[in-house]
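Source file protein.txt; content: compact mmCIF, C-alpha atoms.
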```txt
# COMPACT_ATOMS: atom_id res chain seq x y z
CA MET P 731 0.00 0.00 0.00
CA THR P 732 1.49 3.33 -1.13
CA ASP P 733 1.96 5.99 1.54
CA MET P 734 0.43 9.10 -0.07
CA ARG P 735 -0.95 12.42 1.12
CA LEU P 736 -2.64 15.13 -0.94
CA ARG P 737 -1.74 18.76 -0.15
CA TRP P 738 -1.75 22.24 -1.65
CA ALA P 739 1.27 23.15 -3.79
CA THR P 740 3.76 25.57 -2.23
CA PRO P 741 4.67 28.94 -3.82
CA GLU P 742 8.02 27.45 -4.82
CA GLU P 743 6.29 24.55 -6.57
CA LEU P 744 3.93 26.93 -8.35
CA ARG P 745 6.92 28.87 -9.66
CA ASP P 746 8.32 25.67 -11.24
CA TRP P 747 4.93 24.07 -11.88
CA ASP P 748 5.24 23.09 -15.54
CA ASP P 749 8.68 21.54 -15.02
CA LEU P 750 7.29 19.50 -12.12
CA VAL P 751 4.29 18.35 -14.19
CA LEU P 752 6.74 16.97 -16.75
CA GLN P 753 8.13 14.71 -13.99
CA ASN P 754 4.74 13.04 -13.39
CA PRO P 755 4.51 9.29 -14.09
CA ASP P 756 2.62 10.01 -17.34
CA GLY P 757 5.28 12.47 -18.55
CA GLY P 758 2.99 15.48 -18.26
CA GLN P 759 -0.30 16.48 -19.89
CA PHE P 760 -0.93 19.89 -21.47
CA THR P 761 -4.21 20.02 -19.51
CA GLN P 762 -2.17 20.27 -16.30
CA THR P 763 -0.09 23.32 -17.23
CA LEU P 764 -0.20 26.91 -16.01
CA ALA P 765 -1.39 27.94 -19.48
CA PHE P 766 -4.35 25.57 -19.31
CA ALA P 767 -5.17 26.84 -15.81
CA GLU P 768 -5.20 30.38 -17.20
CA LEU P 769 -7.65 29.31 -19.90
CA LYS P 770 -9.94 27.63 -17.38
CA ARG P 771 -9.99 30.65 -15.06
CA TRP P 772 -11.08 32.69 -18.08
CA ASP P 773 -13.77 30.05 -18.63
CA GLY P 774 -15.18 30.45 -15.11
CA PHE P 775 -13.38 27.78 -13.08
CA ALA P 776 -11.51 28.10 -9.84
CA THR P 777 -8.12 26.41 -10.24
CA HIS P 778 -6.22 24.50 -7.56
CA HIS P 779 -2.64 23.26 -7.80
CA LEU P 780 -2.15 20.15 -5.69
CA VAL P 781 0.55 17.60 -4.94
CA PHE P 782 0.00 13.91 -4.31
CA ASP P 783 2.98 13.43 -2.00
CA ALA P 784 4.56 10.01 -2.27
CA GLU P 785 7.85 8.39 -3.21
CA GLN P 786 6.70 9.03 -6.78
CA PRO P 787 4.75 12.33 -6.48
CA VAL P 788 2.09 13.62 -8.85
CA TYR P 789 1.57 17.34 -9.50
CA ALA P 790 -2.05 17.89 -10.47
CA LEU P 791 -4.34 20.74 -11.50
CA ALA P 792 -7.92 20.53 -10.22
CA LEU P 793 -10.71 22.64 -11.70
CA GLU P 794 -13.63 23.64 -9.50
CA ARG P 795 -17.07 24.48 -10.84
CA ASP P 796 -20.02 25.76 -8.85
CA GLY P 797 -23.16 23.90 -9.92
CA TRP P 798 -26.62 24.86 -8.75
CA ILE P 799 -26.67 22.26 -5.97
CA GLY P 800 -23.02 22.23 -4.97
CA ARG P 801 -19.41 22.26 -6.08
CA PHE P 802 -17.48 19.76 -8.17
CA TRP P 803 -13.80 19.10 -8.83
CA TYR P 804 -12.25 17.80 -12.03
CA PHE P 805 -8.65 16.73 -12.74
CA PRO P 806 -8.35 16.97 -16.57
CA CYS P 807 -6.35 14.00 -17.95
CA ALA P 808 -4.96 13.35 -14.47
CA PRO P 809 -3.79 12.13 -12.01
CA LEU P 810 -2.01 8.98 -13.13
CA HIS P 811 -0.04 6.90 -10.61
CA PRO P 812 0.85 3.20 -10.49
CA ASP P 813 -1.29 2.93 -7.34
CA MET P 814 -4.62 4.56 -8.23
CA ALA P 815 -6.19 3.26 -5.02
CA ALA P 816 -3.70 5.43 -3.12
CA ILE P 817 -4.73 8.42 -5.25
CA VAL P 818 -8.38 7.82 -4.33
CA ARG P 819 -7.63 7.42 -0.60
CA ALA P 820 -5.51 10.58 -0.55
CA THR P 821 -8.18 12.55 -2.44
CA ARG P 822 -10.96 11.41 -0.14
CA ALA P 823 -8.96 12.28 2.99
CA PHE P 824 -8.04 15.71 1.62
CA VAL P 825 -11.64 16.56 0.66
CA GLU P 826 -12.96 15.49 4.06
CA ARG P 827 -10.39 17.76 5.67
CA GLU P 828 -10.35 20.74 3.30
CA ARG P 829 -13.48 20.68 1.08
CA PRO P 830 -16.23 18.72 2.89
CA ARG P 831 -19.03 20.24 0.76
CA LEU P 832 -17.80 18.87 -2.56
CA ILE P 833 -20.31 16.56 -4.23
CA SER P 834 -17.82 14.61 -6.35
CA VAL P 835 -14.31 14.64 -7.75
CA LYS P 836 -13.82 13.67 -11.39
CA LEU P 837 -10.51 11.95 -12.10
CA GLU P 838 -9.22 11.23 -15.60
CA PRO P 839 -5.90 9.34 -15.64
CA ARG P 840 -4.60 9.09 -19.19
CA LEU P 841 -4.79 5.32 -19.63
CA PRO P 842 -5.57 3.19 -22.68
CA ARG P 843 -9.12 1.92 -22.45
CA THR P 844 -8.43 -1.74 -21.78
CA PRO P 845 -10.42 -4.18 -19.59
CA GLU P 846 -7.51 -4.23 -17.16
CA ALA P 847 -7.40 -0.43 -16.82
CA MET P 848 -11.17 -0.15 -16.41
CA ARG P 849 -11.16 -2.87 -13.77
CA MET P 850 -8.26 -1.21 -11.93
CA LEU P 851 -10.12 2.12 -11.75
CA ALA P 852 -13.31 0.41 -10.53
CA ASP P 853 -11.33 -1.51 -7.90
CA ALA P 854 -9.85 1.80 -6.71
CA GLY P 855 -13.37 2.97 -5.84
CA LEU P 856 -14.22 5.08 -8.88
CA ALA P 857 -17.45 5.14 -10.90
CA GLN P 858 -17.25 5.38 -14.68
CA ALA P 859 -18.55 8.70 -16.04
CA GLU P 860 -18.87 10.37 -19.43
CA ASP P 861 -16.04 11.50 -21.71
CA VAL P 862 -14.98 15.10 -21.17
CA GLN P 863 -11.84 15.72 -23.23
CA LEU P 864 -12.07 15.74 -27.02
CA HIS P 865 -9.04 13.48 -27.38
CA THR P 866 -10.39 10.68 -25.17
CA HIS P 867 -10.73 9.02 -28.59
CA THR P 868 -8.06 10.09 -31.04
CA VAL P 869 -5.40 9.11 -33.55
CA VAL P 870 -1.80 9.19 -32.33
CA ILE P 871 1.06 8.84 -34.79
CA ASP P 872 3.70 6.64 -33.14
CA LEU P 873 7.02 8.51 -33.44
CA GLU P 874 9.16 5.82 -31.82
CA ARG P 875 9.96 4.37 -35.24
CA THR P 876 12.16 5.29 -38.17
CA GLU P 877 10.89 7.86 -40.67
CA GLU P 878 10.55 5.10 -43.23
CA GLU P 879 8.41 3.02 -40.87
CA ILE P 880 6.20 5.98 -39.98
CA LEU P 881 5.59 6.92 -43.61
CA ALA P 882 4.92 3.29 -44.54
CA SER P 883 2.24 3.12 -41.81
CA PHE P 884 0.21 5.87 -43.53
CA SER P 885 -2.48 4.89 -46.03
CA LYS P 886 -1.63 4.64 -49.71
CA THR P 887 -3.78 7.73 -50.32
CA ALA P 888 -1.93 9.77 -47.69
CA ARG P 889 1.48 8.83 -49.13
CA LYS P 890 0.33 9.72 -52.63
CA LEU P 891 -0.97 13.13 -51.54
CA ILE P 892 2.22 13.87 -49.57
CA ARG P 893 4.30 13.20 -52.68
CA ARG P 894 1.95 15.28 -54.84
CA ALA P 895 2.10 18.27 -52.47
CA GLU P 896 5.90 18.07 -52.37
CA ARG P 897 6.11 17.81 -56.17
CA ASP P 898 3.74 20.73 -56.77
CA GLY P 899 5.56 23.08 -54.40
CA PHE P 900 3.43 23.18 -51.24
CA THR P 901 5.66 24.51 -48.43
CA ILE P 902 5.44 24.28 -44.62
CA GLU P 903 7.02 26.71 -42.17
CA ARG P 904 7.08 27.08 -38.38
CA VAL P 905 6.49 30.69 -37.25
CA GLU P 906 6.08 32.76 -34.10
CA GLY P 907 2.54 33.36 -32.87
CA ASP P 908 1.13 36.88 -32.55
CA GLU P 909 -2.25 38.61 -32.55
CA ALA P 910 -2.36 38.87 -36.33
CA LEU P 911 -1.78 35.13 -36.61
CA PHE P 912 -4.46 34.45 -33.99
CA ASP P 913 -6.92 36.47 -36.11
CA LEU P 914 -5.94 34.49 -39.19
CA ALA P 915 -6.20 31.14 -37.38
CA TRP P 916 -9.71 31.95 -36.20
CA GLN P 917 -10.69 33.01 -39.72
CA ARG P 918 -9.35 29.77 -41.17
CA MET P 919 -11.16 27.66 -38.56
CA GLN P 920 -14.51 29.01 -39.73
CA THR P 921 -14.22 27.01 -42.95
CA ILE P 922 -14.63 23.64 -41.18
CA ARG P 923 -17.75 21.77 -42.37
CA GLY P 924 -18.59 24.40 -44.96
CA GLY P 925 -18.46 27.24 -42.45
CA GLN P 926 -20.49 25.51 -39.75
CA GLY P 927 -17.46 24.78 -37.59
CA LEU P 928 -17.13 21.75 -35.37
CA HIS P 929 -19.97 20.53 -33.16
CA GLY P 930 -19.49 22.13 -29.73
CA MET P 931 -16.92 24.57 -31.09
CA ARG P 932 -16.23 27.36 -28.61
CA ASP P 933 -16.24 31.06 -29.41
CA GLU P 934 -13.38 33.23 -30.61
CA GLY P 935 -12.46 34.40 -27.11
CA TYR P 936 -11.91 30.82 -25.90
CA TYR P 937 -9.52 29.94 -28.72
CA LYS P 938 -7.57 33.17 -28.56
CA THR P 939 -7.19 32.80 -24.78
CA ILE P 940 -5.63 29.33 -25.10
CA TRP P 941 -3.46 30.42 -28.02
CA ARG P 942 -2.14 33.43 -26.09
CA ALA P 943 -1.59 31.44 -22.88
CA PHE P 944 0.54 28.73 -24.47
CA THR P 945 2.30 31.04 -26.93
CA LYS P 946 3.51 33.52 -24.31
CA ARG P 947 4.99 30.65 -22.27
CA GLY P 948 6.88 29.26 -25.24
CA GLN P 949 4.72 26.11 -25.25
CA ALA P 950 3.15 26.59 -28.69
CA ASP P 951 4.29 25.87 -32.21
CA TRP P 952 2.55 27.59 -35.11
CA TRP P 953 2.71 26.08 -38.58
CA LEU P 954 1.73 27.65 -41.90
CA GLY P 955 1.20 25.79 -45.15
CA HIS P 956 1.53 27.72 -48.43
CA ASP P 957 0.16 26.78 -51.85
CA GLY P 958 0.81 30.11 -53.59
CA GLY P 959 -2.69 31.42 -53.03
CA ASP P 960 -3.98 34.37 -51.00
CA GLY P 961 -2.34 33.90 -47.61
CA PRO P 962 -1.51 30.58 -45.94
CA GLN P 963 -3.67 27.67 -47.03
CA THR P 964 -3.35 25.97 -43.61
CA VAL P 965 -2.75 27.30 -40.09
CA THR P 966 -2.00 24.81 -37.30
CA PHE P 967 -1.55 25.35 -33.54
CA THR P 968 0.46 22.57 -31.89
CA ILE P 969 1.29 22.09 -28.21
CA PRO P 970 4.62 20.28 -27.74
CA PHE P 971 4.34 19.39 -24.06
CA GLY P 972 5.01 16.10 -22.29
CA ARG P 973 5.78 12.97 -24.26
CA THR P 974 3.19 13.56 -26.98
CA ALA P 975 2.85 16.68 -29.11
CA ILE P 976 -0.77 17.74 -29.72
CA ASP P 977 -2.07 19.09 -33.03
CA LYS P 978 -4.62 21.14 -31.09
CA ASP P 979 -6.31 23.42 -33.66
CA GLU P 980 -6.19 23.72 -37.41
CA GLY P 981 -7.96 25.68 -40.12
CA SER P 982 -7.56 26.02 -43.85
CA ARG P 983 -8.51 28.15 -46.82
CA PRO P 984 -11.25 26.22 -48.64
CA ASP P 985 -9.83 26.80 -52.12
CA ARG P 986 -6.77 24.58 -52.63
CA LEU P 987 -4.34 25.39 -55.41
CA ILE P 988 -2.28 22.32 -54.49
CA GLU P 989 -3.76 19.05 -53.25
CA GLY P 990 -2.30 17.27 -50.24
CA GLY P 991 -1.12 20.25 -48.22
CA ALA P 992 -2.76 19.08 -44.99
CA HIS P 993 -1.17 15.64 -45.47
CA LEU P 994 2.26 17.14 -46.04
CA GLY P 995 1.83 19.34 -42.98
CA ARG P 996 1.08 16.33 -40.80
CA TRP P 997 4.07 14.43 -42.17
CA THR P 998 6.36 17.47 -41.70
CA ARG P 999 5.30 17.82 -38.07
CA ALA P 1000 5.67 14.08 -37.43
CA LYS P 1001 9.29 14.24 -38.60
CA HIS P 1002 9.95 17.43 -36.64
CA TYR P 1003 8.61 16.13 -33.32
CA ARG P 1004 10.30 12.76 -33.78
CA GLU P 1005 13.62 14.62 -34.06
CA ARG P 1006 12.81 16.54 -30.87
CA GLY P 1007 12.27 13.30 -28.95
CA PHE P 1008 8.48 13.17 -28.67
CA THR P 1009 6.98 9.69 -28.65
CA GLY P 1010 3.76 10.57 -30.48
CA LEU P 1011 1.79 13.19 -32.38
CA ASP P 1012 -1.83 13.33 -31.20
CA MET P 1013 -4.29 14.46 -33.86
CA MET P 1014 -6.72 15.65 -31.18
CA GLY P 1015 -9.98 13.84 -31.46
CA ALA P 1016 -11.83 11.13 -33.37
CA PRO P 1017 -14.97 9.07 -32.94
CA PRO P 1018 -14.63 6.09 -30.59
CA THR P 1019 -13.46 2.92 -32.30
CA TRP P 1020 -16.98 1.48 -32.14
CA ALA P 1021 -18.33 4.46 -34.16
CA LYS P 1022 -15.41 5.01 -36.54
CA ASP P 1023 -17.45 3.97 -39.58
CA ASP P 1024 -20.63 5.82 -38.59
CA PRO P 1025 -21.28 8.40 -41.34
CA ASP P 1026 -23.60 10.33 -39.01
CA HIS P 1027 -21.01 10.86 -36.26
CA TRP P 1028 -20.23 14.56 -35.90
CA MET P 1029 -16.52 13.89 -36.49
CA ALA P 1030 -17.01 11.53 -39.44
CA GLY P 1031 -15.39 13.79 -42.04
CA LEU P 1032 -12.34 14.66 -39.94
CA SER P 1033 -12.07 11.04 -38.87
CA ARG P 1034 -11.71 9.83 -42.43
CA PHE P 1035 -8.78 12.21 -42.86
CA LYS P 1036 -7.10 11.29 -39.58
CA GLN P 1037 -7.42 7.56 -40.07
CA GLN P 1038 -5.17 7.87 -43.10
CA PHE P 1039 -2.35 8.35 -40.57
CA GLY P 1040 -3.16 5.64 -38.04
CA GLU P 1041 -5.76 3.70 -36.11
CA ILE P 1042 -8.11 5.31 -33.58
CA VAL P 1043 -7.15 4.67 -29.98
CA ASP P 1044 -9.56 4.88 -27.04
CA PHE P 1045 -8.46 6.23 -23.68
CA ALA P 1046 -10.27 5.56 -20.43
CA PRO P 1047 -13.25 7.87 -19.81
CA SER P 1048 -13.56 10.13 -16.80
CA HIS P 1049 -14.32 8.47 -13.46
CA ASP P 1050 -16.09 9.98 -10.46
CA LEU P 1051 -15.15 9.72 -6.82
CA LEU P 1052 -18.66 10.00 -5.37
CA LEU P 1053 -18.51 11.86 -2.08
CA ARG P 1054 -22.23 12.62 -1.75
CA PRO P 1055 -23.90 10.01 -3.99
CA ARG P 1056 -27.47 11.14 -3.39
CA ALA P 1057 -26.70 14.74 -4.32
CA GLN P 1058 -24.80 13.52 -7.38
CA GLN P 1059 -27.81 11.49 -8.50
CA VAL P 1060 -30.18 14.45 -8.10
CA TRP P 1061 -27.81 16.66 -10.03
CA ARG P 1062 -27.39 14.21 -12.93
CA LYS P 1063 -31.07 13.38 -13.31
CA ALA P 1064 -32.86 16.62 -12.47
CA VAL P 1065 -30.52 19.59 -12.24
CA ARG P 1066 -27.86 19.15 -14.92
CA PRO P 1067 -30.23 18.97 -17.92
CA VAL P 1068 -31.74 22.32 -16.92
CA GLU P 1069 -28.33 23.83 -16.17
CA TRP P 1070 -27.12 22.77 -19.62
CA ARG P 1071 -29.97 24.60 -21.31
CA VAL P 1072 -29.75 27.75 -19.22
CA LYS P 1073 -25.95 28.07 -19.26
CA ARG P 1074 -25.65 26.62 -22.77
CA ARG P 1075 -22.97 24.19 -21.76
CA TYR P 1076 -22.19 21.49 -24.26
CA THR P 1077 -20.81 18.81 -21.94
CA GLY P 1078 -21.01 17.83 -18.28
CA VAL P 1079 -20.93 20.52 -15.61
CA TRP P 1080 -17.87 21.85 -17.35
```
Output the file's structure in the form of structure tokens.
Amino acid sequence: MTDMRLRWATPEELRDWDDLVLQNPDGGQFTQTLAFAELKRWDGFATHHLVFDAEQPVYALALERDGWIGRFWYFPCAPLHPDMAAIVRATRAFVERERPRLISVKLEPRLPRTPEAMRMLADAGLAQAEDVQLHTHTVVIDLERTEEEILASFSKTARKLIRRAERDGFTIERVEGDEALFDLAWQRMQTIRGGQGLHGMRDEGYYKTIWRAFTKRGQADWWLGHDGGDGPQTVTFTIPFGRTAIDKDEGSRPDRLIEGGAHLGRWTRAKHYRERGFTGLDMMGAPPTWAKDDPDHWMAGLSRFKQQFGEIVDFAPSHDLLLRPRAQQVWRKAVRPVEWRVKRRYTGVW
């Protein structure tokens, strides 16, 4: 049994927070950074920086939301520890001591969704909940291979389009982010699904807040793809944090003078992040494997593109530590549906 205690982070730990998050057992998630905390404060959360003290510590960001019948905590894509039962015990003890009015704590360790992982989380005392993060189901390009092996793993169509874009002169460059580029990125993102945007897509303020937060901390890469037309054909915002780089947001000019630019951009970034030592490039979201061929899924179009680079992988969904089960049941069945409509939230209490 792991000896573990949950406590507030010290000022010294907050100063070095992102470096400490990178030392977590999972190698660090971008959803645990100071930049992500800044975004979530803008979005109406209270943020708490906590430390699971043990021989192998975990530095974790908790988000707090005030629902109509009480308060809830959520650890986005965290915490992951070899002994998840110790995490649950430490969390329960801390809440009883420091936050006795919390209704539940949502934990989300970044684990592959296997029967063994799901059983381990249930045995730790957690109840399976809904997905929260977009990349709970996603495509990750494995970068722990040679360039030849990575390229060979792409579909025949993807390889053909990469070669065509290279032959026809499509170029990719990495640039510094600034307000003018943020304006352009938002403009390009409006072209998704014929100008409808993605289902659940947030407003301009949300995206520009996350872009500014990561860019000013040097934790963002911006990529432009040029086909000789009016301005960049593609704009991509990537977060290179932890073991896996994240292709977080992307938009494009709908008229394409050269085919295959988006494919070449993905291949260029895969090579770049492999050279920098990242183990994967996450394409940020896909349908679950059991719906990958569903033409009516809201991500069907993007999924067809992403699956040219690899198979969909499913990560474990969120799990709740139920502290006041009766209040949680009332909230889920009676209060949350109304709160969704009134506050126009698109998922969970978040």
Mind giving me the axis-aligned box for range 756-768 of chain P with 4 Å on every side, centre plus edges in Å to one decimal, as JSON?
```
{"center_x": 0.0, "center_y": 20.2, "center_z": -18.6, "size_x": 18.5, "size_y": 28.4, "size_z": 13.7}
```
Quiz item: What lies within 9 Å of Glu877 in chain P using only C-alpha atoms, ignoring chain neighbours under 2 positions off, as a PyMOL selection string?
Solution: chain P and resi 873+875+879-882+1000-1001+1004
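The coordinates place CA of Leu856 in chain P at 21.5 Å from CA of Asp796 in chain P.
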Hey, could you make a per-residue contact list for range 831-905 of chain P against range 756-778 of chain P with 10 Å as the cut-off, showing the nearest pair of atoms and its distance in Å to one decimal, counting only C-alpha atoms, sorted by chain and number, as a tab-separated table?
```
residue	atom	partner	partner_atom	distance
P:Pro839	CA	P:Asp756	CA	8.7
P:Arg840	CA	P:Asp756	CA	7.5
P:Leu841	CA	P:Asp756	CA	9.1
P:Gln863	CA	P:Thr761	CA	9.5
```
Exercise. Identify which of the residues P:Pro812, P:Gly958, P:Gly1010, P:Pro1055 lies closest to Gly1040 in chain P, counting all atoms listed in the file when measuring atom-to-atom distances.
Key: P:Gly1010
Any idea what's packed within 10 Å of His1049 in chain P, counting all atoms listed in the file, ignoring anything in its chain fewer than 6 positions away? Could you give it as a compact mmCIF listing (two decimals) with C-alpha atoms, in the frame of the given file?
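Heads up, here's the output in out_25.txt:
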```txt
# COMPACT_ATOMS: atom_id res chain seq x y z
CA TYR P 804 -12.25 17.80 -12.03
CA VAL P 835 -14.31 14.64 -7.75
CA LYS P 836 -13.82 13.67 -11.39
CA LEU P 837 -10.51 11.95 -12.10
CA GLU P 838 -9.22 11.23 -15.60
CA PRO P 839 -5.90 9.34 -15.64
CA MET P 848 -11.17 -0.15 -16.41
CA LEU P 851 -10.12 2.12 -11.75
CA ALA P 852 -13.31 0.41 -10.53
CA GLY P 855 -13.37 2.97 -5.84
CA LEU P 856 -14.22 5.08 -8.88
CA ALA P 857 -17.45 5.14 -10.90
CA GLN P 858 -17.25 5.38 -14.68
CA ALA P 859 -18.55 8.70 -16.04
CA GLU P 860 -18.87 10.37 -19.43
CA ASP P 861 -16.04 11.50 -21.71
```
Quiz item: Taking into account only C-alpha atoms, which residue in the set P:Arg973, P:Arg801, P:Arg904, P:His867 is nearest to Pro755 in chain P?
Solution: P:Arg973
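Restricting the calculation to all atoms listed in the file, the smallest distance between His779 in chain P and any of P:Gly948, P:Gly800, P:Pro741, P:Gly1031 is found for P:Pro741.
Using all atoms listed in the file, the shortest contact distance between Gln920 in chain P and any of P:Pro806, P:Gly981, P:Gly955, P:Gly972 is found at P:Gly981.
Straight-line separation from CA of Asp813 in chain P to CA of Leu1051 in chain P: 15.4 Å.
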Quiz item: Which is closest to Leu1011 in chain P among P:Val818, P:Ile833, P:Ile871, P:Ala1030, if we use all atoms listed in the file?
Solution: P:Ile871
Self-check item: Given only C-alpha atoms as the counted atoms, nearest of P:Phe1045, P:Phe944, P:Phe1039, P:Trp1020 to Ser885 in chain P
Solution: P:Phe1039
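Interatomic distance, CA of Trp952 in chain P to CA of Leu744 in chain P: 26.8 Å.
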Quiz item: Around (4.1, 16.4, -36.8) in the file's frame, which residues reach within 10 Å when counting all atoms listed in the file? Return as a ChimeraX atom specification?
Solution: /P:871,873,953,968,970,975-977,994-1004,1008,1010-1013
Pick out the residues sitting within 12 Å of range 821-825 of chain P, and hand them over as a compact mmCIF listing (two decimals) with C-alpha atoms, in the frame of the given file; count all atoms listed in the file, and ignore anything fewer than 6 positions along from it in its own chain.
```
# COMPACT_ATOMS: atom_id res chain seq x y z
CA MET P 734 0.43 9.10 -0.07
CA ARG P 735 -0.95 12.42 1.12
CA LEU P 736 -2.64 15.13 -0.94
CA ARG P 737 -1.74 18.76 -0.15
CA TRP P 738 -1.75 22.24 -1.65
CA LEU P 780 -2.15 20.15 -5.69
CA VAL P 781 0.55 17.60 -4.94
CA PHE P 782 0.00 13.91 -4.31
CA ASP P 783 2.98 13.43 -2.00
CA ALA P 790 -2.05 17.89 -10.47
CA ALA P 792 -7.92 20.53 -10.22
CA ARG P 801 -19.41 22.26 -6.08
CA PHE P 802 -17.48 19.76 -8.17
CA TRP P 803 -13.80 19.10 -8.83
CA TYR P 804 -12.25 17.80 -12.03
CA PHE P 805 -8.65 16.73 -12.74
CA PRO P 809 -3.79 12.13 -12.01
CA MET P 814 -4.62 4.56 -8.23
CA ALA P 815 -6.19 3.26 -5.02
CA ARG P 831 -19.03 20.24 0.76
CA LEU P 832 -17.80 18.87 -2.56
CA ILE P 833 -20.31 16.56 -4.23
CA SER P 834 -17.82 14.61 -6.35
CA VAL P 835 -14.31 14.64 -7.75
CA LYS P 836 -13.82 13.67 -11.39
CA LEU P 837 -10.51 11.95 -12.10
CA ALA P 854 -9.85 1.80 -6.71
CA GLY P 855 -13.37 2.97 -5.84
CA LEU P 856 -14.22 5.08 -8.88
CA ASP P 1050 -16.09 9.98 -10.46
CA LEU P 1051 -15.15 9.72 -6.82
CA LEU P 1052 -18.66 10.00 -5.37
CA LEU P 1053 -18.51 11.86 -2.08
CA ARG P 1054 -22.23 12.62 -1.75
```
